[in-house]
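Participant: Let me begin by handing over the structure; questions about it come next.
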Amino acid sequence: MAATIHYEQDAPIEPLSGKKVAVVGYGSQGHAHSLNLRDSGVTVAVAELEGTPNHKLAVEHGFKPSDIKTAIDGATLIIVTLPDEVQATVYQSSIAPNLKAGQTLGFCHGFNIHFKYIVPPKEVNVVMIAPKGPGHLVRSEYEKGGGVPCLVAVEQDATGDAKQIALAWGHGIGGARAGILETTYKEETETDLFGEQVVLCGGLTALIKAGFETLVAAGYQPEIAYFETVHEVKLIVDLIYQGGLSYMRYSVSNTAEFGDLTRGPRIITEQTRAEMKKILGEITSGAFAREWVAEYQGGLKKFNALYEKDHSSQVETVGRQLRKMMKWIKAKEM
């Protein structure tokens, strides 16, 4: 079945014209949604903790950030852009007691709604606009006159016009310029987590580390191993981003393409595919969500230990030294 995609003519901004929109959190997505909506003519109120860098940034951008109760008072749409792990706590303490019937709750990711860590009352709308890109890209593409593709979903339609409000939100941040694809909270949440864990973050970083460690263990220079297994990843991904696997294969040498076609399947084996299915099962059953929430509530001990182990690994230390040689990439060191 073909995807349903909405563009500007299908997603008018009028449902938010003359209305107040509250954005809870002024981080990566929050700042982009706030600025883009304001530039689209929408009245935006920002909720952010006083004394934080994000509060300072919101002030620098011309907003007057307030507490959540003040921000959401009278708002037609309340956009929650806080990290997944803190949303439920903030919702229970500051959003839920101040919600009014007929308001619309909006999320950029379905985690808390889908896994029921947040259960809004029946008299409010629950919608989602999920940009397929980080907040800085949502902002920069809008400023160029373009936009980042978005997903739209309606979990609860109390007023009968929840979808129109969501699409107006997508229009306001520039998403309708690129296309807004219809989905569900379930589909967005589960595919997003799967993509992060199996390909985009977990799978990719594990593959990079294994390739680097294999070359170094075989006696090759760590610097050479870094260039072959880390640095050039961007070059290949950019080709795939532009034209898919076929364009990447067209662009590389015949030798590289033959190695790709014959050796790739030996890396992604049936055992690997079985593990992918197992991970998907952990996501759909809610096991991963429960594990992550418990980890956060327990003080992030495992999370921090694993992060520190990778941060101090050889592939990272070598990379930090080599990136100093490449001024043109504008390295971001954490």
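Here's how to read the names in the structure tokens: chain A, B, ... by the order shown, residue numbers from 1 in each chain, ligand numbers from 1 in the order shown.
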If we count only C-alpha atoms, what is near region 116-119 of chain A at a cut-off of 12 Å, once residues fewer than 4 positions away on the same chain are taken out, given as a PyMOL selection string?
Facilitator: chain A and resi 80+84-93+95-96+105+107+110-112+123-126+155-156+185-186+286+289-290+293
Participant: Mind dumping the selected residues with N, CA and C atoms as a PDB file, in the first residue's frame?
Facilitator:
ATOM      1  N   VAL A  80       5.505  18.636  23.256  1.00  0.00           N
ATOM      2  CA  VAL A  80       6.437  18.144  24.266  1.00  0.00           C
ATOM      3  C   VAL A  80       7.696  17.656  23.554  1.00  0.00           C
ATOM      4  N   ASP A  84      12.867  11.441  26.107  1.00  0.00           N
ATOM      5  CA  ASP A  84      11.908  10.386  26.432  1.00  0.00           C
ATOM      6  C   ASP A  84      11.912  10.035  27.908  1.00  0.00           C
ATOM      7  N   GLU A  85      13.104   9.936  28.500  1.00  0.00           N
ATOM      8  CA  GLU A  85      13.225   9.407  29.844  1.00  0.00           C
ATOM      9  C   GLU A  85      12.684  10.343  30.924  1.00  0.00           C
ATOM     10  N   VAL A  86      12.461  11.613  30.609  1.00  0.00           N
ATOM     11  CA  VAL A  86      11.938  12.541  31.625  1.00  0.00           C
ATOM     12  C   VAL A  86      10.499  12.972  31.339  1.00  0.00           C
ATOM     13  N   GLN A  87       9.986  12.629  30.172  1.00  0.00           N
ATOM     14  CA  GLN A  87       8.655  13.113  29.794  1.00  0.00           C
ATOM     15  C   GLN A  87       7.563  12.705  30.768  1.00  0.00           C
ATOM     16  N   ALA A  88       7.549  11.441  31.167  1.00  0.00           N
ATOM     17  CA  ALA A  88       6.455  10.959  32.019  1.00  0.00           C
ATOM     18  C   ALA A  88       6.428  11.691  33.354  1.00  0.00           C
ATOM     19  N   THR A  89       7.602  11.902  33.952  1.00  0.00           N
ATOM     20  CA  THR A  89       7.677  12.596  35.241  1.00  0.00           C
ATOM     21  C   THR A  89       7.182  14.031  35.115  1.00  0.00           C
ATOM     22  N   VAL A  90       7.640  14.724  34.092  1.00  0.00           N
ATOM     23  CA  VAL A  90       7.239  16.115  33.887  1.00  0.00           C
ATOM     24  C   VAL A  90       5.755  16.196  33.541  1.00  0.00           C
ATOM     25  N   TYR A  91       5.280  15.246  32.753  1.00  0.00           N
ATOM     26  CA  TYR A  91       3.852  15.235  32.401  1.00  0.00           C
ATOM     27  C   TYR A  91       2.995  15.123  33.651  1.00  0.00           C
ATOM     28  N   GLN A  92       3.337  14.164  34.518  1.00  0.00           N
ATOM     29  CA  GLN A  92       2.529  13.938  35.717  1.00  0.00           C
ATOM     30  C   GLN A  92       2.569  15.129  36.669  1.00  0.00           C
ATOM     31  N   SER A  93       3.740  15.764  36.797  1.00  0.00           N
ATOM     32  CA  SER A  93       3.887  16.832  37.783  1.00  0.00           C
ATOM     33  C   SER A  93       3.403  18.188  37.293  1.00  0.00           C
ATOM     34  N   ILE A  95       2.232  18.972  33.552  1.00  0.00           N
ATOM     35  CA  ILE A  95       1.345  19.108  32.390  1.00  0.00           C
ATOM     36  C   ILE A  95      -0.062  18.624  32.712  1.00  0.00           C
ATOM     37  N   ALA A  96      -0.175  17.404  33.186  1.00  0.00           N
ATOM     38  CA  ALA A  96      -1.496  16.810  33.441  1.00  0.00           C
ATOM     39  C   ALA A  96      -2.382  17.670  34.347  1.00  0.00           C
ATOM     40  N   LEU A 105      -2.238  17.630  22.672  1.00  0.00           N
ATOM     41  CA  LEU A 105      -0.884  17.270  23.083  1.00  0.00           C
ATOM     42  C   LEU A 105      -0.128  16.758  21.867  1.00  0.00           C
ATOM     43  N   PHE A 107       3.644  15.284  20.298  1.00  0.00           N
ATOM     44  CA  PHE A 107       4.939  14.678  20.602  1.00  0.00           C
ATOM     45  C   PHE A 107       5.735  14.505  19.313  1.00  0.00           C
ATOM     46  N   GLY A 110       6.954   8.703  19.590  1.00  0.00           N
ATOM     47  CA  GLY A 110       5.810   8.070  20.230  1.00  0.00           C
ATOM     48  C   GLY A 110       6.085   7.251  21.466  1.00  0.00           C
ATOM     49  N   PHE A 111       7.319   7.202  21.946  1.00  0.00           N
ATOM     50  CA  PHE A 111       7.742   6.294  23.011  1.00  0.00           C
ATOM     51  C   PHE A 111       6.793   6.278  24.208  1.00  0.00           C
ATOM     52  N   ASN A 112       6.565   7.429  24.827  1.00  0.00           N
ATOM     53  CA  ASN A 112       5.804   7.453  26.074  1.00  0.00           C
ATOM     54  C   ASN A 112       4.321   7.187  25.897  1.00  0.00           C
ATOM     55  N   GLU A 123     -10.429  13.623  26.857  1.00  0.00           N
ATOM     56  CA  GLU A 123     -10.967  14.867  26.309  1.00  0.00           C
ATOM     57  C   GLU A 123      -9.905  15.754  25.651  1.00  0.00           C
ATOM     58  N   VAL A 124      -8.687  15.247  25.466  1.00  0.00           N
ATOM     59  CA  VAL A 124      -7.667  16.011  24.741  1.00  0.00           C
ATOM     60  C   VAL A 124      -7.214  15.222  23.517  1.00  0.00           C
ATOM     61  N   ASN A 125      -6.747  15.943  22.507  1.00  0.00           N
ATOM     62  CA  ASN A 125      -6.171  15.308  21.323  1.00  0.00           C
ATOM     63  C   ASN A 125      -4.741  14.873  21.620  1.00  0.00           C
ATOM     64  N   VAL A 126      -4.323  13.800  20.969  1.00  0.00           N
ATOM     65  CA  VAL A 126      -2.933  13.345  21.073  1.00  0.00           C
ATOM     66  C   VAL A 126      -2.417  13.102  19.659  1.00  0.00           C
ATOM     67  N   GLU A 155      -3.207   9.739  17.653  1.00  0.00           N
ATOM     68  CA  GLU A 155      -3.509   8.659  18.590  1.00  0.00           C
ATOM     69  C   GLU A 155      -4.890   8.842  19.214  1.00  0.00           C
ATOM     70  N   GLN A 156      -5.296  10.096  19.376  1.00  0.00           N
ATOM     71  CA  GLN A 156      -6.571  10.397  20.036  1.00  0.00           C
ATOM     72  C   GLN A 156      -7.151  11.673  19.434  1.00  0.00           C
ATOM     73  N   TYR A 185       1.307   5.855  15.945  1.00  0.00           N
ATOM     74  CA  TYR A 185       2.248   5.903  17.063  1.00  0.00           C
ATOM     75  C   TYR A 185       3.023   4.586  17.159  1.00  0.00           C
ATOM     76  N   LYS A 186       2.333   3.483  16.990  1.00  0.00           N
ATOM     77  CA  LYS A 186       2.976   2.161  17.068  1.00  0.00           C
ATOM     78  C   LYS A 186       4.066   2.021  16.012  1.00  0.00           C
ATOM     79  N   GLY A 286       7.727  -4.277  24.509  1.00  0.00           N
ATOM     80  CA  GLY A 286       7.915  -3.281  25.557  1.00  0.00           C
ATOM     81  C   GLY A 286       9.085  -3.592  26.474  1.00  0.00           C
ATOM     82  N   ALA A 289      11.738  -0.862  26.345  1.00  0.00           N
ATOM     83  CA  ALA A 289      11.257   0.344  27.027  1.00  0.00           C
ATOM     84  C   ALA A 289      11.369   0.187  28.537  1.00  0.00           C
ATOM     85  N   ARG A 290      10.969  -0.968  29.039  1.00  0.00           N
ATOM     86  CA  ARG A 290      11.050  -1.213  30.484  1.00  0.00           C
ATOM     87  C   ARG A 290      12.506  -1.204  30.956  1.00  0.00           C
ATOM     88  N   VAL A 293      13.760   2.524  30.922  1.00  0.00           N
ATOM     89  CA  VAL A 293      13.177   3.307  32.017  1.00  0.00           C
ATOM     90  C   VAL A 293      13.800   2.883  33.351  1.00  0.00           C
TER      91      VAL A 293
END
Participant: Just list the residues in region 84-254 of chain A DSSP gives helix (DSSP H, G or I) on the backbone, as number ranges by chain.
Facilitator: A: 84-98, 111-114, 135-143, 162-172, 175-178, 185-200, 202-217, 222-231, 233-251, 254
Participant: Write the selection just made, keeping C-alpha atoms, as a JSON list (two decimals), in the first residue's frame?
Facilitator:
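As written to disk, result28.json reads:
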[["chain", "number", "residue", "atom", "x", "y", "z"],
["A", 84, "ASP", "CA", 11.91, 10.39, 26.43],
["A", 85, "GLU", "CA", 13.22, 9.41, 29.84],
["A", 86, "VAL", "CA", 11.94, 12.54, 31.63],
["A", 87, "GLN", "CA", 8.65, 13.11, 29.79],
["A", 88, "ALA", "CA", 6.45, 10.96, 32.02],
["A", 89, "THR", "CA", 7.68, 12.60, 35.24],
["A", 90, "VAL", "CA", 7.24, 16.12, 33.89],
["A", 91, "TYR", "CA", 3.85, 15.24, 32.40],
["A", 92, "GLN", "CA", 2.53, 13.94, 35.72],
["A", 93, "SER", "CA", 3.89, 16.83, 37.78],
["A", 94, "SER", "CA", 3.36, 19.84, 35.54],
["A", 95, "ILE", "CA", 1.34, 19.11, 32.39],
["A", 96, "ALA", "CA", -1.50, 16.81, 33.44],
["A", 97, "PRO", "CA", -2.73, 19.02, 36.35],
["A", 98, "ASN", "CA", -3.01, 21.99, 33.98],
["A", 111, "PHE", "CA", 7.74, 6.29, 23.01],
["A", 112, "ASN", "CA", 5.80, 7.45, 26.07],
["A", 113, "ILE", "CA", 2.36, 7.35, 24.51],
["A", 114, "HIS", "CA", 2.80, 3.99, 22.76],
["A", 135, "GLY", "CA", 16.58, 19.83, 15.31],
["A", 136, "HIS", "CA", 19.44, 21.85, 13.85],
["A", 137, "LEU", "CA", 18.58, 20.43, 10.41],
["A", 138, "VAL", "CA", 14.86, 21.19, 10.90],
["A", 139, "ARG", "CA", 15.88, 24.78, 11.53],
["A", 140, "SER", "CA", 18.55, 25.19, 8.85],
["A", 141, "GLU", "CA", 16.44, 23.62, 6.09],
["A", 142, "TYR", "CA", 13.52, 25.88, 7.00],
["A", 143, "GLU", "CA", 15.77, 28.93, 6.81],
["A", 162, "ALA", "CA", -6.77, 16.65, 15.57],
["A", 163, "LYS", "CA", -5.27, 15.67, 12.22],
["A", 164, "GLN", "CA", -5.73, 19.16, 10.80],
["A", 165, "ILE", "CA", -3.98, 20.65, 13.86],
["A", 166, "ALA", "CA", -1.11, 18.18, 13.50],
["A", 167, "LEU", "CA", -0.70, 18.92, 9.80],
["A", 168, "ALA", "CA", -0.75, 22.67, 10.53],
["A", 169, "TRP", "CA", 2.08, 22.07, 13.01],
["A", 170, "GLY", "CA", 3.99, 20.14, 10.33],
["A", 171, "HIS", "CA", 3.39, 22.97, 7.88],
["A", 172, "GLY", "CA", 4.61, 25.53, 10.39],
["A", 175, "GLY", "CA", 7.74, 19.66, 7.00],
["A", 176, "ALA", "CA", 4.98, 20.09, 4.43],
["A", 177, "ARG", "CA", 7.50, 21.58, 1.99],
["A", 178, "ALA", "CA", 9.26, 18.20, 1.88],
["A", 185, "TYR", "CA", 2.25, 5.90, 17.06],
["A", 186, "LYS", "CA", 2.98, 2.16, 17.07],
["A", 187, "GLU", "CA", 4.68, 2.15, 13.67],
["A", 188, "GLU", "CA", 6.77, 5.27, 14.30],
["A", 189, "THR", "CA", 7.92, 4.17, 17.74],
["A", 190, "GLU", "CA", 8.83, 0.61, 16.88],
["A", 191, "THR", "CA", 10.54, 1.34, 13.56],
["A", 192, "ASP", "CA", 12.43, 4.30, 15.04],
["A", 193, "LEU", "CA", 13.81, 2.23, 17.91],
["A", 194, "PHE", "CA", 14.65, -0.66, 15.57],
["A", 195, "GLY", "CA", 16.48, 1.61, 13.13],
["A", 196, "GLU", "CA", 18.52, 3.19, 15.92],
["A", 197, "GLN", "CA", 19.47, -0.09, 17.54],
["A", 198, "VAL", "CA", 20.06, -2.34, 14.55],
["A", 199, "VAL", "CA", 21.37, -0.03, 11.81],
["A", 200, "LEU", "CA", 21.86, 3.68, 12.44],
["A", 202, "GLY", "CA", 23.95, 0.19, 17.43],
["A", 203, "GLY", "CA", 24.61, -1.79, 14.25],
["A", 204, "LEU", "CA", 26.84, 0.83, 12.65],
["A", 205, "THR", "CA", 29.00, 1.53, 15.70],
["A", 206, "ALA", "CA", 29.44, -2.17, 16.45],
["A", 207, "LEU", "CA", 30.46, -2.82, 12.82],
["A", 208, "ILE", "CA", 32.93, 0.09, 12.87],
["A", 209, "LYS", "CA", 34.54, -1.06, 16.13],
["A", 210, "ALA", "CA", 34.77, -4.69, 14.99],
["A", 211, "GLY", "CA", 36.36, -3.72, 11.67],
["A", 212, "PHE", "CA", 38.85, -1.37, 13.32],
["A", 213, "GLU", "CA", 39.81, -3.92, 15.99],
["A", 214, "THR", "CA", 40.25, -6.68, 13.40],
["A", 215, "LEU", "CA", 42.73, -4.63, 11.37],
["A", 216, "VAL", "CA", 44.69, -3.45, 14.41],
["A", 217, "ALA", "CA", 44.87, -6.98, 15.83],
["A", 222, "PRO", "CA", 45.58, 2.14, 13.92],
["A", 223, "GLU", "CA", 45.61, 5.36, 11.91],
["A", 224, "ILE", "CA", 45.20, 3.47, 8.63],
["A", 225, "ALA", "CA", 42.49, 1.29, 10.19],
["A", 226, "TYR", "CA", 40.63, 4.42, 11.31],
["A", 227, "PHE", "CA", 40.57, 5.91, 7.83],
["A", 228, "GLU", "CA", 39.31, 2.65, 6.29],
["A", 229, "THR", "CA", 36.64, 1.78, 8.87],
["A", 230, "VAL", "CA", 35.51, 5.15, 10.28],
["A", 231, "HIS", "CA", 36.47, 8.19, 8.21],
["A", 233, "VAL", "CA", 31.86, 5.81, 6.25],
["A", 234, "LYS", "CA", 30.59, 9.33, 5.59],
["A", 235, "LEU", "CA", 31.71, 9.20, 1.96],
["A", 236, "ILE", "CA", 29.75, 6.00, 1.35],
["A", 237, "VAL", "CA", 26.68, 7.09, 3.36],
["A", 238, "ASP", "CA", 26.51, 10.39, 1.45],
["A", 239, "LEU", "CA", 26.35, 8.46, -1.84],
["A", 240, "ILE", "CA", 23.58, 6.21, -0.49],
["A", 241, "TYR", "CA", 21.74, 9.29, 0.86],
["A", 242, "GLN", "CA", 21.84, 10.89, -2.60],
["A", 243, "GLY", "CA", 20.89, 7.92, -4.75],
["A", 244, "GLY", "CA", 20.43, 4.71, -2.81],
["A", 245, "LEU", "CA", 22.55, 1.58, -2.93],
["A", 246, "SER", "CA", 22.67, 1.60, -6.74],
["A", 247, "TYR", "CA", 24.21, 5.09, -6.93],
["A", 248, "MET", "CA", 26.80, 4.17, -4.30],
["A", 249, "ARG", "CA", 27.76, 1.07, -6.27],
["A", 250, "TYR", "CA", 27.89, 3.09, -9.49],
["A", 251, "SER", "CA", 30.24, 5.57, -7.83],
["A", 254, "ASN", "CA", 34.30, -2.31, -9.65]]
Participant: Find the spatial neighbours of region 40-49 of chain A, counting only C-alpha atoms, within a cut-off of 6 Å - ignore same-chain residues fewer than 5 positions away - and output them as a PDB file with N, CA, C and O atoms, in the first residue's frame.
Facilitator:
ATOM      1  N   LYS A  20      -2.440  30.053  20.137  1.00  0.00           N
ATOM      2  CA  LYS A  20      -1.199  29.933  20.910  1.00  0.00           C
ATOM      3  C   LYS A  20      -0.697  28.499  20.886  1.00  0.00           C
ATOM      4  O   LYS A  20      -1.471  27.555  21.067  1.00  0.00           O
ATOM      5  N   VAL A  21       0.601  28.336  20.640  1.00  0.00           N
ATOM      6  CA  VAL A  21       1.253  27.032  20.709  1.00  0.00           C
ATOM      7  C   VAL A  21       2.310  27.081  21.802  1.00  0.00           C
ATOM      8  O   VAL A  21       3.120  28.019  21.856  1.00  0.00           O
ATOM      9  N   ALA A  22       2.298  26.100  22.685  1.00  0.00           N
ATOM     10  CA  ALA A  22       3.303  26.016  23.743  1.00  0.00           C
ATOM     11  C   ALA A  22       4.308  24.926  23.392  1.00  0.00           C
ATOM     12  O   ALA A  22       3.922  23.827  22.986  1.00  0.00           O
ATOM     13  N   VAL A  23       5.585  25.234  23.529  1.00  0.00           N
ATOM     14  CA  VAL A  23       6.649  24.253  23.300  1.00  0.00           C
ATOM     15  C   VAL A  23       7.333  23.998  24.635  1.00  0.00           C
ATOM     16  O   VAL A  23       7.913  24.916  25.234  1.00  0.00           O
ATOM     17  N   VAL A  24       7.259  22.759  25.106  1.00  0.00           N
ATOM     18  CA  VAL A  24       7.846  22.390  26.399  1.00  0.00           C
ATOM     19  C   VAL A  24       9.236  21.820  26.157  1.00  0.00           C
ATOM     20  O   VAL A  24       9.386  20.713  25.648  1.00  0.00           O
ATOM     21  N   GLY A  25      10.248  22.598  26.496  1.00  0.00           N
ATOM     22  CA  GLY A  25      11.636  22.211  26.271  1.00  0.00           C
ATOM     23  C   GLY A  25      12.221  22.970  25.094  1.00  0.00           C
ATOM     24  O   GLY A  25      11.586  23.069  24.044  1.00  0.00           O
ATOM     25  N   HIS A  55      17.390  27.737  28.592  1.00  0.00           N
ATOM     26  CA  HIS A  55      16.613  28.925  28.973  1.00  0.00           C
ATOM     27  C   HIS A  55      17.307  30.177  28.451  1.00  0.00           C
ATOM     28  O   HIS A  55      16.674  31.067  27.854  1.00  0.00           O
ATOM     29  N   PRO A  65      10.772  32.653  28.124  1.00  0.00           N
ATOM     30  CA  PRO A  65      10.428  31.335  28.664  1.00  0.00           C
ATOM     31  C   PRO A  65       9.842  31.418  30.076  1.00  0.00           C
ATOM     32  O   PRO A  65      10.236  32.265  30.880  1.00  0.00           O
ATOM     33  N   SER A  66       8.903  30.519  30.323  1.00  0.00           N
ATOM     34  CA  SER A  66       8.195  30.512  31.605  1.00  0.00           C
ATOM     35  C   SER A  66       8.116  29.091  32.132  1.00  0.00           C
ATOM     36  O   SER A  66       8.676  28.160  31.552  1.00  0.00           O
ATOM     37  N   ASP A  67       7.396  28.921  33.247  1.00  0.00           N
ATOM     38  CA  ASP A  67       7.108  27.574  33.735  1.00  0.00           C
ATOM     39  C   ASP A  67       6.058  26.939  32.837  1.00  0.00           C
ATOM     40  O   ASP A  67       5.410  27.612  32.016  1.00  0.00           O
ATOM     41  N   ILE A  68       5.867  25.637  32.978  1.00  0.00           N
ATOM     42  CA  ILE A  68       4.966  24.895  32.091  1.00  0.00           C
ATOM     43  C   ILE A  68       3.521  25.357  32.243  1.00  0.00           C
ATOM     44  O   ILE A  68       2.803  25.534  31.252  1.00  0.00           O
ATOM     45  N   ALA A  71       3.005  28.524  30.336  1.00  0.00           N
ATOM     46  CA  ALA A  71       3.169  28.346  28.886  1.00  0.00           C
ATOM     47  C   ALA A  71       1.964  27.670  28.252  1.00  0.00           C
ATOM     48  O   ALA A  71       1.515  28.045  27.165  1.00  0.00           O
ATOM     49  N   GLY A 172       3.947  24.416   9.731  1.00  0.00           N
ATOM     50  CA  GLY A 172       4.614  25.531  10.387  1.00  0.00           C
ATOM     51  C   GLY A 172       6.102  25.337  10.598  1.00  0.00           C
ATOM     52  O   GLY A 172       6.856  26.305  10.660  1.00  0.00           O
TER      53      GLY A 172
END
Participant: Running DSSP on the backbone, which parts of region 146-180 of chain A land in strand (DSSP E), as a ChimeraX atom specification?
Facilitator: /A:150-156,180
Participant: Looking at A:Ala2, A:Ala101, A:Ile129, A:Leu181, which one is nearest to Ala158 (chain A), with distances taken over only C-alpha atoms?
Facilitator: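 For Ala158 (chain A), the nearest of the given residues is A:Ala101.
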Participant: Taking only C-alpha atoms into account, name the residue in A:Gly160, A:Ser285, A:Gly298, A:Gly145 that is nearest to Asn36 (chain A).
Facilitator: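 That would be A:Gly145, the residue with the smallest distance to Asn36 (chain A).
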Participant: Between CA of Leu151 (chain A) and CA of Ala32 (chain A), what is the distance in Å, rounded to a tenth?
Facilitator: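 Computing the Euclidean distance for CA of Leu151 (chain A) and CA of Ala32 (chain A) yields 16.1 Å.
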Participant: Would you pick out the contacts of Phe288 (chain A) at 10 Å or less, using only C-alpha atoms, so that residues sharing its chain but fewer than 6 positions from it are not included, and give the list as a list in words?
Facilitator: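 My list of contacting residues is Leu193, Ile279, Leu280, Gly281, Glu282 and Ala294 of chain A.
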